[in-house]
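Student: Structure provided below as C-alpha cells; questions to follow.
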Amino acid sequence: MTASRIRIVSVLPGLLGTYGDGGNVLVLERRLAWRGVDVEVVTTTVDDPLPVGGDLYVLGGGEDEAQVLALKLLRGAGLATVLERGTPVLAVCAGLQLLGSTLVVGDGTVVPGLDVLDLSTGRLERRAVGEVIARPGLGLPQLTGFANHGGATVLGPAAQPFARVLSGPGNAGHADPDEGVLQGSVVGTYLHGPVLARNPALADLLLTRAHGGPLPDLPVGPPEALHAARLADR
Ligand code: GLN
C-alpha cells in the first residue's frame with residue numbers, strides 16, 4: 001500500500017548535522033512537494049523520544065563528542081523496531097558508525113554502538129578527507145560526495161558495501177574500495193555533500209521505498225546538473 005502522506009524523521013540533526021547533512025531532509029521534502037505528495041518532517045531534539053511510526057529516517061554525520069551523545073540518546077530508543085519493520089533509513093558517516101557494534105572515538109575510547117548493522121569502526125591514522133566517486137548497487141547512477149572521517153569502518157558478512165570506490169577514500173581510508181553499507185532497510189554512506197543534493201536518484205530511491213511504490217517522475221533540473229558537474233570534475 002502506498003502512503004498518502006510521508007513522514008520523514010530527521011534524527012537529532014542538532015548533533016548529527018555536520019557538513020550540511022541536515023540538507024538531506026530538505027532535499028527529500030522538496031522532491032515530494034514538487035510532486036504534490038503530502039510530507040511531514042519530524043525533527044527530533046535531545047528532549048524528544050524517537051517517534052517509531054515514521055516512513056523514512058535520516059541520520060547525519062557528527063563530530064565524536066556529539067556522536068557519542070547521540071548514541072546515548074538513541075540506545076533503546078526504538079531504532080531496532082524501525083528496522084524490524086523494514087522502514088527505510090539513510091545513515092551518513094557518524095550515523096552509519098553508531099548503528100554498528102563498536103566504534104573508537106578520537107581519544108581511543110571504544111564505545112558500544114547500537115549493534116543493528118554488521119560493522120565496526122576503528123580509527124584511521126590519518127583522517128580520510130576528499131572527494132569521492134563511487135559505483136553503487138541498487139541500479140543507481142555513479143555517486144558523488146565528499147568524505148571527512150577519522151573512523152575506519154569494516155563490514156561483517158551480513159552487511160554489503162553500498163558502492164565501490166572509483167576515486168577518493170572508502171570506509172576504511174584510501175586503500176579501501178568499499179563505500180558505505182547496505183543491510184536490510186538501511187542505506188549507509190560516508191558521503192556528505194549533502195549526499196542527496198549531489199545524488200537525486202538516491203533521494204528518489206529512498207522516497208519510493210518510503211512511499212511503498214513508484215512516484216511521478218520529475219523533470220531533469222539543477223540537481224541533475226550538479227550531479228553531472230561533480231562527476232565531470234573527477
Ligand atoms: N566523528 C566521526 C569520525 O570522525 C564521524 C565524522 C563525520 O560524521 N563526519 O569518524
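Going by the C-alpha cells order, chains are called A, B, ..., each with residues numbered from 1, while ligands are numbered from 1 in the order shown.
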Quick one: everything within 9 Å of A:Leu73, counting only C-alpha atoms, minus sequence neighbours fewer than 4 positions away in the same chain. Send it as a PDB file with N, CA, C and O atoms, in the first residue's frame.

Tutor:
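File produced: result.pdb:
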```pdb
ATOM      1  N   VAL A  46      17.319  16.695  21.561  1.00  0.00           N
ATOM      2  CA  VAL A  46      17.770  15.913  22.719  1.00  0.00           C
ATOM      3  C   VAL A  46      16.641  15.680  23.727  1.00  0.00           C
ATOM      4  O   VAL A  46      16.729  14.784  24.559  1.00  0.00           O
ATOM      5  N   PRO A  49      11.577  11.817  22.575  1.00  0.00           N
ATOM      6  CA  PRO A  49      11.731  10.388  22.273  1.00  0.00           C
ATOM      7  C   PRO A  49      11.722  10.204  20.754  1.00  0.00           C
ATOM      8  O   PRO A  49      11.218  11.072  20.040  1.00  0.00           O
ATOM      9  N   VAL A  68      28.732  10.627  20.278  1.00  0.00           N
ATOM     10  CA  VAL A  68      28.602   9.781  21.472  1.00  0.00           C
ATOM     11  C   VAL A  68      27.341  10.167  22.252  1.00  0.00           C
ATOM     12  O   VAL A  68      26.613   9.293  22.753  1.00  0.00           O
ATOM     13  N   LEU A  69      27.045  11.456  22.289  1.00  0.00           N
ATOM     14  CA  LEU A  69      25.813  11.888  22.956  1.00  0.00           C
ATOM     15  C   LEU A  69      24.585  11.363  22.200  1.00  0.00           C
ATOM     16  O   LEU A  69      23.633  10.847  22.795  1.00  0.00           O
ATOM     17  N   ALA A  77      16.075   3.373  22.085  1.00  0.00           N
ATOM     18  CA  ALA A  77      15.028   4.346  21.714  1.00  0.00           C
ATOM     19  C   ALA A  77      14.074   3.834  20.640  1.00  0.00           C
ATOM     20  O   ALA A  77      13.124   4.525  20.291  1.00  0.00           O
TER      21      ALA A  77
END
```

Student: Can you tell me which residues sit at most 10 Å away from ligand 1, counting only C-alpha atoms and all ligand atoms, written as JSON, numbers by chain?

Tutor: {"A": [15, 16, 17, 18, 19, 21, 59, 60, 61, 62, 63, 64, 65, 66, 67, 68, 91, 92, 93, 94, 95, 96, 97, 98, 103, 104, 105, 106, 121, 122, 123, 124, 127, 128, 129, 146, 147, 148, 149, 150, 151, 152, 153, 171, 172, 190, 191, 192]}

Student: Looking at only C-alpha atoms, which of A:Leu215, A:Val82, A:Leu166, A:Leu56 is the one that sits closest to A:Ile133?

Tutor: A:Leu166

Student: Just how far from atom CA of A:Leu206 is atom CA of A:Gly139, in Å to one decimal?

Tutor: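 Between atom CA of A:Gly139 and atom CA of A:Leu206 the gap works out to 12.7 Å.
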
Student: Using only C-alpha atoms, which residue out of A:Leu155, A:Leu50, A:Leu202, A:Val37 lies closest to A:Val9?

Tutor: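 The closest residue to A:Val9 is A:Leu50.
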
Student: Between A:Gly14, A:Pro169, A:Gly221, A:Pro88, single out the one closest to A:Val187, counting only C-alpha atoms.

Tutor: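 Closest to A:Val187, using only C-alpha atoms: A:Pro88.
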
Student: Between A:Gly113, A:Gly184, A:Gly168, A:Pro136, which is the closest to A:Ala70 once you count only C-alpha atoms?

Tutor: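 Going through A:Gly113, A:Gly184, A:Gly168, A:Pro136 one by one, the smallest distance to A:Ala70 is for A:Gly113.
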
Student: Let's see if you can do this: from backbone DSSP, list all strand (DSSP E) residues in stretch 99-181 of chain A, as number ranges by chain.

Tutor: A: 102-104, 110-112, 119-136, 143-155, 163-167, 178-179, 181
